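A.B. asks: Attaching a single structure in structure tokens format; questions to follow.
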Amino acid sequence: MSVANSPELMDKLLNGLRLAVTEMMTAMAMSEVVFAGQESVDAFSLTSEVVGLVRLDGKMHGMVGVSCSSALLREIVSRIVGLSPDELLMEDLLDGAAELANMVCGGMKTKAQIGDVNLSPPVSIVGQEYTAQWKTNRPTTLFTFQMEEGVLKVYASL
Amino acid sequence: MKLLTIDDSRTIRRVISGVGAMIGFEVLEAENGDMGIKVLENQGEEVALILLDWNMPGMNGLEVLKLIKADPRWMHIPVMMVTTEGEKDYIIKAIQAGAIHYQTKPFTQEEMASRIMEALGMGGL
């Protein structure tokens with residue numbers, strides 16, 4: 001099913017995604033997050049130091065990606081697990097990026113009540129000077145969230 | 001009494017371990033269903049509650065739940081699903097398979113502590 005042909009479902013998904021990010025940051029990371037806007041972008045192309053990706057398959061298809069700086073991810077994960085940012089290992093950052101994407105995508109799916117859609121195991125990338133790109137002709141929306149320690153971006157191609 | 005968390009995310013396992021410690025429980029950790037079953041084979045008698053993720057590599061949480069509930073050694077241990085899957089169909093499937101509680105992610109530490117106490121019949125916090 002193409003969500004692009006159903007503006008009502010697309011709205012439910014995008015609203016669900018926005019709420020899921022806010023809820024995740026408030027509940028798990030005890031961080032204030034301010035929704036700073038959303039825009040349509042030409043490509044699903046992520047270049048931040050940290051990326052977490054989850055693919056949706058089933059009744060509908062798509063990809064959701066969460067991206068931010070390594071410093072911001074370190075801060076978020078440290079708040080979630082209760083360790084100092086300096087104590088976190090690369091494994092913690094990789095898992096943290098994956099789990100953020102997983103929770104955002106799961107929250108979006110639950111809030112939109114879309115049913116019969118499976119979430120892929122999350123993919124995470126932590127590094128520099130790379131571009132993660134998903135070749136798609138689906139419309140892509142970029143959400144920006146402002147946190148005290150930096151900017152969190154969420155891409156959704158649905 | 002110990003808790004067992006079966007979740008492929010080390011982030012979530014750490015959070016649950018922290019919550020468990022906060023309310024006085026040691027938490028055993030397993031990163032997939034097979035490892036969870038091995039923990040039960042070795043220390044099942046000490047496990048008071050299992051906290052089980054749904055989406056994991058290998059067996060998913062529902063398959064693990066069915067295995068646990070089919071085994072006379074562990075079928076009495078209460079299981080709480082802890083998952084990003086919050087839709088009704090998932091909840092119904094889990095309850096039908098024997099889960100007694102269903103907690104969606106994300107959650108606050110206080111929520112999780114309260115749900116654990118409830119699941120153990122010790123009342124919420």
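Every chain in the structure tokens takes a letter, A first, then B, and so on in the order presented; its residues are numbered from 1, and the ligands are numbered from 1 following the presented order.
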If you run DSSP on this backbone, which residues of region 66-97 of chain A come out as helix (DSSP H, G or I), and could you give them as number ranges by chain?
C.D. replies: A: 70-81, 85-87, 90-97
A.B. asks: Kindly save the residues from that selection, with C-alpha atoms included, as a short mmCIF file (atom, residue, chain, number, x, y, z; two decimals), in the first residue's frame.
C.D. replies:
```cif
data_model
loop_
_atom_site.label_atom_id
_atom_site.label_comp_id
_atom_site.auth_asym_id
_atom_site.auth_seq_id
_atom_site.Cartn_x
_atom_site.Cartn_y
_atom_site.Cartn_z
CA SER A 70 27.89 11.57 18.32
CA ALA A 71 28.03 13.94 21.32
CA LEU A 72 24.25 14.21 21.47
CA LEU A 73 23.78 10.44 21.21
CA ARG A 74 26.35 9.95 23.99
CA GLU A 75 24.36 12.34 26.18
CA ILE A 76 21.01 10.69 25.38
CA VAL A 77 22.28 7.15 25.99
CA SER A 78 24.03 8.20 29.18
CA ARG A 79 20.77 9.57 30.52
CA ILE A 80 18.84 6.46 29.52
CA VAL A 81 21.23 3.95 31.10
CA PRO A 85 28.93 9.82 28.84
CA ASP A 86 32.64 9.00 29.20
CA GLU A 87 31.88 5.47 30.38
CA MET A 90 31.15 2.15 20.93
CA GLU A 91 28.80 -0.83 21.47
CA ASP A 92 26.64 1.35 23.70
CA LEU A 93 26.40 4.03 21.03
CA LEU A 94 25.60 1.54 18.27
CA ASP A 95 22.92 -0.09 20.39
CA GLY A 96 21.61 3.27 21.56
CA ALA A 97 21.20 4.55 17.99
#
```
A.B. asks: Give me, as a JSON list (two decimals) with all heavy atoms, in the first residue's frame, all polymer residues having an atom no more than 8 Å from Met56 (chain B), counting only C-alpha atoms and skipping those fewer than 3 positions away in the same chain.
C.D. replies:
```json
[["chain", "number", "residue", "atom", "x", "y", "z"],
["A", 121, "PRO", "N", 14.82, -5.44, 12.09],
["A", 121, "PRO", "CA", 15.82, -5.15, 13.12],
["A", 121, "PRO", "C", 16.52, -3.84, 12.76],
["A", 121, "PRO", "O", 16.78, -3.58, 11.58],
["A", 121, "PRO", "CB", 16.79, -6.33, 13.00],
["A", 121, "PRO", "CG", 16.02, -7.40, 12.32],
["A", 121, "PRO", "CD", 15.05, -6.70, 11.41],
["B", 7, "ASP", "N", 16.22, -9.39, 25.97],
["B", 7, "ASP", "CA", 16.07, -8.25, 25.05],
["B", 7, "ASP", "C", 17.36, -8.12, 24.26],
["B", 7, "ASP", "O", 18.45, -8.20, 24.84],
["B", 7, "ASP", "CB", 15.80, -6.97, 25.86],
["B", 7, "ASP", "CG", 15.22, -5.85, 25.01],
["B", 7, "ASP", "OD1", 15.81, -5.54, 23.95],
["B", 7, "ASP", "OD2", 14.19, -5.29, 25.39],
["B", 8, "ASP", "N", 17.25, -7.92, 22.96],
["B", 8, "ASP", "CA", 18.48, -7.80, 22.16],
["B", 8, "ASP", "C", 19.16, -6.45, 22.35],
["B", 8, "ASP", "O", 20.31, -6.28, 21.95],
["B", 8, "ASP", "CB", 18.19, -8.04, 20.67],
["B", 8, "ASP", "CG", 17.20, -7.06, 20.09],
["B", 8, "ASP", "OD1", 16.23, -6.72, 20.78],
["B", 8, "ASP", "OD2", 17.40, -6.62, 18.95],
["B", 32, "ASN", "N", 18.95, -12.84, 23.60],
["B", 32, "ASN", "CA", 18.01, -13.44, 22.63],
["B", 32, "ASN", "C", 17.27, -14.59, 23.32],
["B", 32, "ASN", "O", 17.58, -14.95, 24.47],
["B", 32, "ASN", "CB", 18.74, -13.91, 21.37],
["B", 32, "ASN", "CG", 19.85, -14.89, 21.66],
["B", 32, "ASN", "OD1", 19.64, -15.86, 22.38],
["B", 32, "ASN", "ND2", 21.02, -14.66, 21.11],
["B", 33, "GLY", "N", 16.33, -15.17, 22.59],
["B", 33, "GLY", "CA", 15.50, -16.21, 23.18],
["B", 33, "GLY", "C", 16.29, -17.45, 23.57],
["B", 33, "GLY", "O", 16.06, -18.02, 24.64],
["B", 53, "ASP", "N", 11.26, -9.08, 25.44],
["B", 53, "ASP", "CA", 11.10, -8.24, 24.25],
["B", 53, "ASP", "C", 10.34, -9.04, 23.18],
["B", 53, "ASP", "O", 10.26, -10.26, 23.23],
["B", 53, "ASP", "CB", 12.50, -7.85, 23.74],
["B", 53, "ASP", "CG", 12.47, -6.85, 22.61],
["B", 53, "ASP", "OD1", 11.44, -6.18, 22.40],
["B", 53, "ASP", "OD2", 13.50, -6.73, 21.91],
["B", 59, "MET", "N", 14.44, -16.38, 17.50],
["B", 59, "MET", "CA", 13.05, -16.51, 17.96],
["B", 59, "MET", "C", 12.52, -15.15, 18.38],
["B", 59, "MET", "O", 13.23, -14.40, 19.06],
["B", 59, "MET", "CB", 12.99, -17.42, 19.20],
["B", 59, "MET", "CG", 12.99, -18.89, 18.91],
["B", 59, "MET", "SD", 12.62, -19.81, 20.44],
["B", 59, "MET", "CE", 14.12, -19.61, 21.36],
["B", 60, "ASN", "N", 11.27, -14.85, 17.99],
["B", 60, "ASN", "CA", 10.70, -13.60, 18.50],
["B", 60, "ASN", "C", 10.12, -13.84, 19.90],
["B", 60, "ASN", "O", 10.06, -14.97, 20.38],
["B", 60, "ASN", "CB", 9.68, -13.00, 17.52],
["B", 60, "ASN", "CG", 8.43, -13.84, 17.40],
["B", 60, "ASN", "OD1", 7.97, -14.45, 18.36],
["B", 60, "ASN", "ND2", 7.87, -13.86, 16.20],
["B", 61, "GLY", "N", 9.71, -12.76, 20.53],
["B", 61, "GLY", "CA", 9.27, -12.87, 21.91],
["B", 61, "GLY", "C", 8.07, -13.77, 22.09],
["B", 61, "GLY", "O", 7.97, -14.49, 23.09]]
```
A.B. asks: Write out as an MDAnalysis selection string the residues lying within 10 Å of Ala70 (chain B), counting only C-alpha atoms and excluding same-chain residues fewer than 5 positions away.
C.D. replies: chainID B and resid 64:65 75 97:98
A.B. asks: Could you write out as a list in words the residues of chain B within 8 Å of chain A, counting only C-alpha atoms?
C.D. replies: Ser9, Arg10, Thr11, Ile12, Arg14, Val15, Gly18, Asn55, Met56, Pro57, Thr84, Glu85, Gly86, Glu87, Asp89, Lys105, Pro106, Phe107, Thr108 and Gln109 of chain B
A.B. asks: B:Met35, B:Leu120, B:Ala30, B:Ile6: which is nearest Val82 (chain B), counting only C-alpha atoms?
C.D. replies: B:Ile6
A.B. asks: Could you give me, as a ChimeraX atom specification, each residue of chain B that DSSP assigns to strand (DSSP E or B) when run on this structure's backbone?
C.D. replies: /B:2-6,26-30,47-52,79-83,101-104
A.B. asks: Since we have the selection now, will you write its residues out, keeping N, CA and C atoms, as a PDB file, in the first residue's frame?
C.D. replies:
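Written out: selection.pdb:
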```pdb
ATOM      1  N   LYS B   2      15.123 -13.381  41.529  1.00  0.00           N
ATOM      2  CA  LYS B   2      15.786 -12.643  40.455  1.00  0.00           C
ATOM      3  C   LYS B   2      14.794 -12.355  39.329  1.00  0.00           C
ATOM      4  N   LEU B   3      15.120 -11.334  38.574  1.00  0.00           N
ATOM      5  CA  LEU B   3      14.362 -11.042  37.364  1.00  0.00           C
ATOM      6  C   LEU B   3      15.219 -11.475  36.176  1.00  0.00           C
ATOM      7  N   LEU B   4      14.579 -11.839  35.086  1.00  0.00           N
ATOM      8  CA  LEU B   4      15.311 -12.170  33.856  1.00  0.00           C
ATOM      9  C   LEU B   4      14.812 -11.274  32.746  1.00  0.00           C
ATOM     10  N   THR B   5      15.711 -10.488  32.151  1.00  0.00           N
ATOM     11  CA  THR B   5      15.330  -9.684  30.986  1.00  0.00           C
ATOM     12  C   THR B   5      15.902 -10.336  29.730  1.00  0.00           C
ATOM     13  N   ILE B   6      15.029 -10.561  28.769  1.00  0.00           N
ATOM     14  CA  ILE B   6      15.452 -11.116  27.470  1.00  0.00           C
ATOM     15  C   ILE B   6      15.172 -10.037  26.429  1.00  0.00           C
ATOM     16  N   GLU B  26      18.096  -8.651  41.828  1.00  0.00           N
ATOM     17  CA  GLU B  26      19.185  -8.905  40.888  1.00  0.00           C
ATOM     18  C   GLU B  26      18.543  -9.231  39.544  1.00  0.00           C
ATOM     19  N   VAL B  27      19.138  -8.740  38.466  1.00  0.00           N
ATOM     20  CA  VAL B  27      18.551  -8.979  37.138  1.00  0.00           C
ATOM     21  C   VAL B  27      19.524  -9.794  36.285  1.00  0.00           C
ATOM     22  N   LEU B  28      19.047 -10.933  35.805  1.00  0.00           N
ATOM     23  CA  LEU B  28      19.818 -11.749  34.863  1.00  0.00           C
ATOM     24  C   LEU B  28      19.512 -11.239  33.462  1.00  0.00           C
ATOM     25  N   GLU B  29      20.513 -11.273  32.583  1.00  0.00           N
ATOM     26  CA  GLU B  29      20.313 -10.704  31.249  1.00  0.00           C
ATOM     27  C   GLU B  29      20.557 -11.753  30.163  1.00  0.00           C
ATOM     28  N   ALA B  30      19.709 -11.714  29.131  1.00  0.00           N
ATOM     29  CA  ALA B  30      19.916 -12.564  27.951  1.00  0.00           C
ATOM     30  C   ALA B  30      19.594 -11.730  26.721  1.00  0.00           C
ATOM     31  N   VAL B  47      14.251 -17.503  39.256  1.00  0.00           N
ATOM     32  CA  VAL B  47      13.649 -16.405  38.490  1.00  0.00           C
ATOM     33  C   VAL B  47      12.194 -16.187  38.912  1.00  0.00           C
ATOM     34  N   ALA B  48      11.901 -14.962  39.345  1.00  0.00           N
ATOM     35  CA  ALA B  48      10.546 -14.639  39.813  1.00  0.00           C
ATOM     36  C   ALA B  48       9.710 -13.985  38.723  1.00  0.00           C
ATOM     37  N   LEU B  49      10.366 -13.389  37.746  1.00  0.00           N
ATOM     38  CA  LEU B  49       9.641 -12.676  36.685  1.00  0.00           C
ATOM     39  C   LEU B  49      10.532 -12.585  35.453  1.00  0.00           C
ATOM     40  N   ILE B  50       9.918 -12.788  34.286  1.00  0.00           N
ATOM     41  CA  ILE B  50      10.653 -12.666  33.021  1.00  0.00           C
ATOM     42  C   ILE B  50      10.131 -11.435  32.284  1.00  0.00           C
ATOM     43  N   LEU B  51      11.046 -10.580  31.850  1.00  0.00           N
ATOM     44  CA  LEU B  51      10.682  -9.397  31.058  1.00  0.00           C
ATOM     45  C   LEU B  51      11.167  -9.654  29.639  1.00  0.00           C
ATOM     46  N   LEU B  52      10.238  -9.725  28.705  1.00  0.00           N
ATOM     47  CA  LEU B  52      10.540 -10.300  27.395  1.00  0.00           C
ATOM     48  C   LEU B  52      10.239  -9.320  26.262  1.00  0.00           C
ATOM     49  N   VAL B  79       5.342 -13.692  33.058  1.00  0.00           N
ATOM     50  CA  VAL B  79       6.086 -13.051  31.962  1.00  0.00           C
ATOM     51  C   VAL B  79       5.440 -11.701  31.637  1.00  0.00           C
ATOM     52  N   MET B  80       6.269 -10.686  31.564  1.00  0.00           N
ATOM     53  CA  MET B  80       5.814  -9.359  31.131  1.00  0.00           C
ATOM     54  C   MET B  80       6.474  -9.042  29.788  1.00  0.00           C
ATOM     55  N   MET B  81       5.667  -8.756  28.783  1.00  0.00           N
ATOM     56  CA  MET B  81       6.246  -8.332  27.508  1.00  0.00           C
ATOM     57  C   MET B  81       6.693  -6.872  27.647  1.00  0.00           C
ATOM     58  N   VAL B  82       7.876  -6.567  27.128  1.00  0.00           N
ATOM     59  CA  VAL B  82       8.405  -5.193  27.160  1.00  0.00           C
ATOM     60  C   VAL B  82       8.847  -4.880  25.739  1.00  0.00           C
ATOM     61  N   THR B  83       8.054  -4.114  25.024  1.00  0.00           N
ATOM     62  CA  THR B  83       8.245  -4.040  23.577  1.00  0.00           C
ATOM     63  C   THR B  83       7.776  -2.712  22.992  1.00  0.00           C
ATOM     64  N   HIS B 101       1.492  -9.290  31.870  1.00  0.00           N
ATOM     65  CA  HIS B 101       1.560  -7.837  31.756  1.00  0.00           C
ATOM     66  C   HIS B 101       2.158  -7.476  30.408  1.00  0.00           C
ATOM     67  N   TYR B 102       1.886  -6.253  29.989  1.00  0.00           N
ATOM     68  CA  TYR B 102       2.381  -5.809  28.689  1.00  0.00           C
ATOM     69  C   TYR B 102       2.832  -4.359  28.841  1.00  0.00           C
ATOM     70  N   GLN B 103       4.112  -4.121  28.728  1.00  0.00           N
ATOM     71  CA  GLN B 103       4.644  -2.764  28.894  1.00  0.00           C
ATOM     72  C   GLN B 103       5.269  -2.308  27.575  1.00  0.00           C
ATOM     73  N   THR B 104       4.765  -1.192  27.054  1.00  0.00           N
ATOM     74  CA  THR B 104       5.363  -0.700  25.812  1.00  0.00           C
ATOM     75  C   THR B 104       6.564   0.198  26.120  1.00  0.00           C
TER      76      THR B 104
END
```
A.B. asks: I'd like to know which of A:Thr140, A:Ser48, A:Gln38, A:Ser67 is closest to Arg18 (chain A), using only C-alpha atoms.
C.D. replies: A:Gln38
A.B. asks: In Å, how far is it from CA of Ile16 (chain B) to CA of Met112 (chain B)?
C.D. replies: 7.8 Å
A.B. asks: So how far away is CA of Val66 (chain A) from CA of Val123 (chain A), in Å?
C.D. replies: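 So the answer is 10.5 Å.
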